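Accompanying notes for the structure given below.
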Amino acid sequence: MRLSLRRLFNVSDMKILLNVLYLLIFNPRLIISTLYDVAKAYSAYKRLKSTKYEKGLPVLDILDLFPNLDETVEPVSLLYGSSLSIDFVLLKSLAKRFSGECDYFEIGTWRGESVAVVSPFCKSCITMNLSSKELEKMGWGGRYLEIQRIFSKRLPNVIHIEANSHYFDFSQLEKFDLIFIDGDHSYKGVKQDTENAFRLLKDDRSIIVWHDYSTNFEDINYEVLAGIIDGTPELERKYLYQVSNTLCAIYIKKEYKSREWVKPVLPDKKFIFHIQGKRL
C-alpha cells in the first residue's frame with residue numbers, strides 16, 4: 001500500500017523535516033555536534049545503568065542540611081549561565097560553617113557571582129577559569145570577555161587564576177575547606193576536576209559542591225553524575241548526595257538521612273523570596 005508523505009506528516013512536520021535536510025546538507029557540523037552530545041549523555045547513562053546510581057545520588061533535603069535556613073544572597077544577575085539563587089544560598093550557608101576561616105576554591109568563573117556571594121564569609125578565595133586567549137579561540141571573545149569577573153574582579157580576598165583545569169599543576173595550590181566545581185561539564189572534565197578536588201581537601205570537614213548535577217530541578221545530568229562517581233574515591237562515595245531544590249551535588253563527610261530520587265517530586269516545603277534590584 002502506498003502512503004503519501006502528506007498523510008504521514010502534517011504541513012508543520014514537513015517544514016521541520018525540510019529544515020533538518022537543509023542543515024544536513026549545508027551545516028552538517030551542527031547536526032553532528034548535537035548527535036555527539038546526545039551520544040555522550042547516553043554513554044554516561046549506560047555506564048551507570050544497573051548500578052545503584054542509575055537513579056542518581058541519594059537526595060539530601062536542604063532543610064536537613066540547614067534546619068534554620070534564612071539567607072539573603074547577593075549579587076545575583078538572573079541572567080543566562082548563572083547559578084540559581086538557591087545554589088548561591090547553598091554555597092553561602094556552607095561557607096559560613098567555617099566561621100570566617102573558610103579557604104574557598106572554584107573551577108569555572110564567568111561573571112564572578114558565586115565567589116562574590118561567598119567571599120565576605122571566607123578568609124581567602126581562588127577562582128580558576130580559561131584564559132582570555134583560550135576563550136577567544138572557542139568563540140567566546142568580545143562582549144563575553146567584557147562581562148567576565150564583573151562581580152569579583154575588585155574583591156580584596158579573591159585571586160583569579162587564568163588556566164585550564166585539565167592541564168594545571170594543582171600542587172601549586174594550598175588546601176581548601178570548600179570547593180565549587182562548575183567548569184567543563186563533560187564526563188572527562190568532571191572526572192578530572194573531581195579527582196583534583198579530592199587532593200585539595202584540607203581535612204574531614206572539607207566540602208565539594210558540583211554545579212549542574214541536575215539539568216533542571218528534577219532531571220539528572222548523567223554525564224556529570226558519571227564523572228562525579230568515577231572521580232570520587234570509592235570509600236568516599238557514601239558521602240555523596242544530591243541537594244534537594246538545587247542543581248547541585250555535594251560531598252560532605254557526614255551520613256545524613258536521605259531519600260531516593262523520584263520524579264516528579266511531591267512538594268514538601270516552601271521558600272520565601274524577597275527580591276530587590278539595584279543598578280550597578
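Ligands are numbered from 1 in the order shown, chains are lettered A, B, ... in the order of the C-alpha cells, and residues start at 1 in each chain.
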Next on the checklist: Residues near region 250-254 of chain A, anyone? I mean within 8 Å using only C-alpha atoms, not counting same-chain ones fewer than 2 positions away, as a list in words.
Outcome noted: Asp204, Arg205, Ser206, Ile207, Ile208, Val209, Trp210, Glu236, Tyr239, Leu240, Tyr241, Gln242, Val243, Cys248 and Tyr256 of chain A
Output file for the selection above: C-alpha atoms, as a CSV table (one decimal), in the first residue's frame:
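selection21.csv written:
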chain,number,residue,atom,x,y,z
A,204,ASP,CA,37.5,15.8,57.0
A,205,ARG,CA,35.3,18.9,57.4
A,206,SER,CA,36.1,20.0,53.8
A,207,ILE,CA,33.3,20.0,51.3
A,208,ILE,CA,32.9,19.8,47.5
A,209,VAL,CA,29.9,21.1,45.5
A,210,TRP,CA,29.3,20.3,41.9
A,236,GLU,CA,34.2,8.4,50.0
A,239,TYR,CA,29.1,10.8,51.4
A,240,LEU,CA,27.8,12.0,48.0
A,241,TYR,CA,24.3,13.5,47.8
A,242,GLN,CA,22.1,15.5,45.6
A,243,VAL,CA,20.9,18.6,47.5
A,248,CYS,CA,23.9,20.7,42.9
A,256,TYR,CA,22.7,12.3,56.6
Item to check | Surrounding residues of region 90-94 of chain A excluding itself and chain neighbours under 4 positions, 9 Å, only C-alpha atoms, as number ranges by chain | outcome: A: 62, 66, 69, 71, 73, 85-86, 98, 114, 117-119, 121, 178, 180, 207, 209, 243, 246, 248
Next, dump the selected residues to file, keeping only C-alpha atoms, as a compact mmCIF listing (two decimals), in the first residue's frame.
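File again_27.txt, as written:
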# COMPACT_ATOMS: atom_id res chain seq x y z
CA ILE A 62 18.29 21.19 52.08
CA PHE A 66 20.35 23.79 57.15
CA LEU A 69 17.64 28.25 56.62
CA GLU A 71 19.60 33.69 53.96
CA VAL A 73 22.38 36.40 48.78
CA SER A 85 19.61 31.80 43.68
CA ILE A 86 19.13 28.67 45.81
CA PHE A 98 33.83 27.77 58.84
CA SER A 114 29.37 32.62 43.16
CA VAL A 117 28.45 35.61 47.23
CA VAL A 118 30.82 33.62 49.48
CA SER A 119 33.80 35.98 49.71
CA PHE A 121 32.45 34.83 54.71
CA LEU A 178 35.06 24.46 50.28
CA PHE A 180 32.90 24.53 43.90
CA ILE A 207 33.26 20.02 51.28
CA VAL A 209 29.93 21.10 45.55
CA VAL A 243 20.91 18.59 47.47
CA THR A 246 19.09 22.91 43.85
CA CYS A 248 23.92 20.74 42.92
Checklist entry - Could you pull the residues within 6 Å of region 159-172 of chain A, counting only C-alpha atoms, minus those fewer than 2 positions along the same chain, as a count of residues only? => result 6
Where in region 18-60 of chain A does DSSP assign helix (DSSP H, G or I), given as a compact mmCIF listing (two decimals) with C-alpha atoms, in the first residue's frame?
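The file below, out_14.txt, is the result:
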# COMPACT_ATOMS: atom_id res chain seq x y z
CA LEU A 18 12.93 20.20 5.30
CA ASN A 19 14.88 22.29 7.81
CA VAL A 20 16.62 19.14 9.07
CA LEU A 21 17.57 18.21 5.50
CA TYR A 22 18.84 21.74 4.92
CA LEU A 23 21.06 21.54 8.00
CA LEU A 24 22.34 18.10 7.00
CA ILE A 25 23.42 19.47 3.62
CA PHE A 26 24.62 22.97 4.49
CA PRO A 28 26.33 19.12 8.96
CA ARG A 29 28.71 20.12 11.78
CA LEU A 30 25.77 21.38 13.86
CA ILE A 31 23.85 18.12 13.43
CA ILE A 32 26.92 16.01 14.14
CA SER A 33 27.75 18.09 17.24
CA THR A 34 24.20 17.70 18.57
CA LEU A 35 24.19 13.95 17.94
CA TYR A 36 27.61 13.68 19.58
CA ASP A 37 26.32 15.40 22.73
CA VAL A 38 23.32 13.07 22.83
CA ALA A 39 25.59 10.06 22.37
CA LYS A 40 27.87 11.21 25.22
CA ALA A 41 24.90 11.61 27.56
CA TYR A 42 23.57 8.17 26.62
CA SER A 43 27.01 6.64 27.08
CA ALA A 44 27.18 8.11 30.58
CA TYR A 45 23.73 6.74 31.39
CA LYS A 46 24.74 3.29 30.15
CA ARG A 47 27.83 3.47 32.38
CA LEU A 48 25.56 3.83 35.41
Next on the checklist: Report, in Å with one decimal, the straight-line distance from CA of Trp110 (chain A) to CA of Glu74 (chain A).
Outcome noted: 15.5 Å
Next on the checklist: Please list as a ChimeraX atom specification every residue within 12 Å of Ala197 (chain A), counting only C-alpha atoms and excluding residues in the same chain fewer than 2 positions away.
Outcome noted: /A:104-107,165,170-171,173-182,190-195,199-202,206-210,228,231-233,251
Checklist entry - Using the chain letters and numbers from this document, which residues of region 125-261 of chain A does DSSP assign to strand (DSSP E), as JSON, numbers by chain? => result {"A": [125, 126, 127, 128, 129, 158, 159, 160, 161, 162, 178, 179, 180, 181, 207, 208, 209, 210, 240, 241, 242, 243, 249, 250, 251, 252]}
Item to check | Computed interatomic separation between CA of Lys263 (chain A) and CA of Ser83 (chain A) (Å) | outcome: 21.9 Å
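Across the model, the gap from CA of Glu113 (chain A) to CA of Leu135 (chain A) is 18.8 Å.
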Item to check | Nearest to Asn157 (chain A), chosen from A:Leu84, A:Cys125, A:Leu65, A:Met14, with only C-alpha atoms counted in the distances | outcome: A:Cys125
Checklist entry - Between A:Lys137, A:His211, A:Lys270, A:Arg97, which has the minimum distance to Gly81 (chain A) (counting only C-alpha atoms)? => result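 For Gly81 (chain A), the nearest of the given residues is A:His211.
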Item to check | All residues 12 Å or closer to Arg111 (chain A), only C-alpha atoms, same chain fewer than 2 positions away omitted, as a ChimeraX atom specification | outcome: /A:75-83,108-109,113-117,127,129,143-153,160
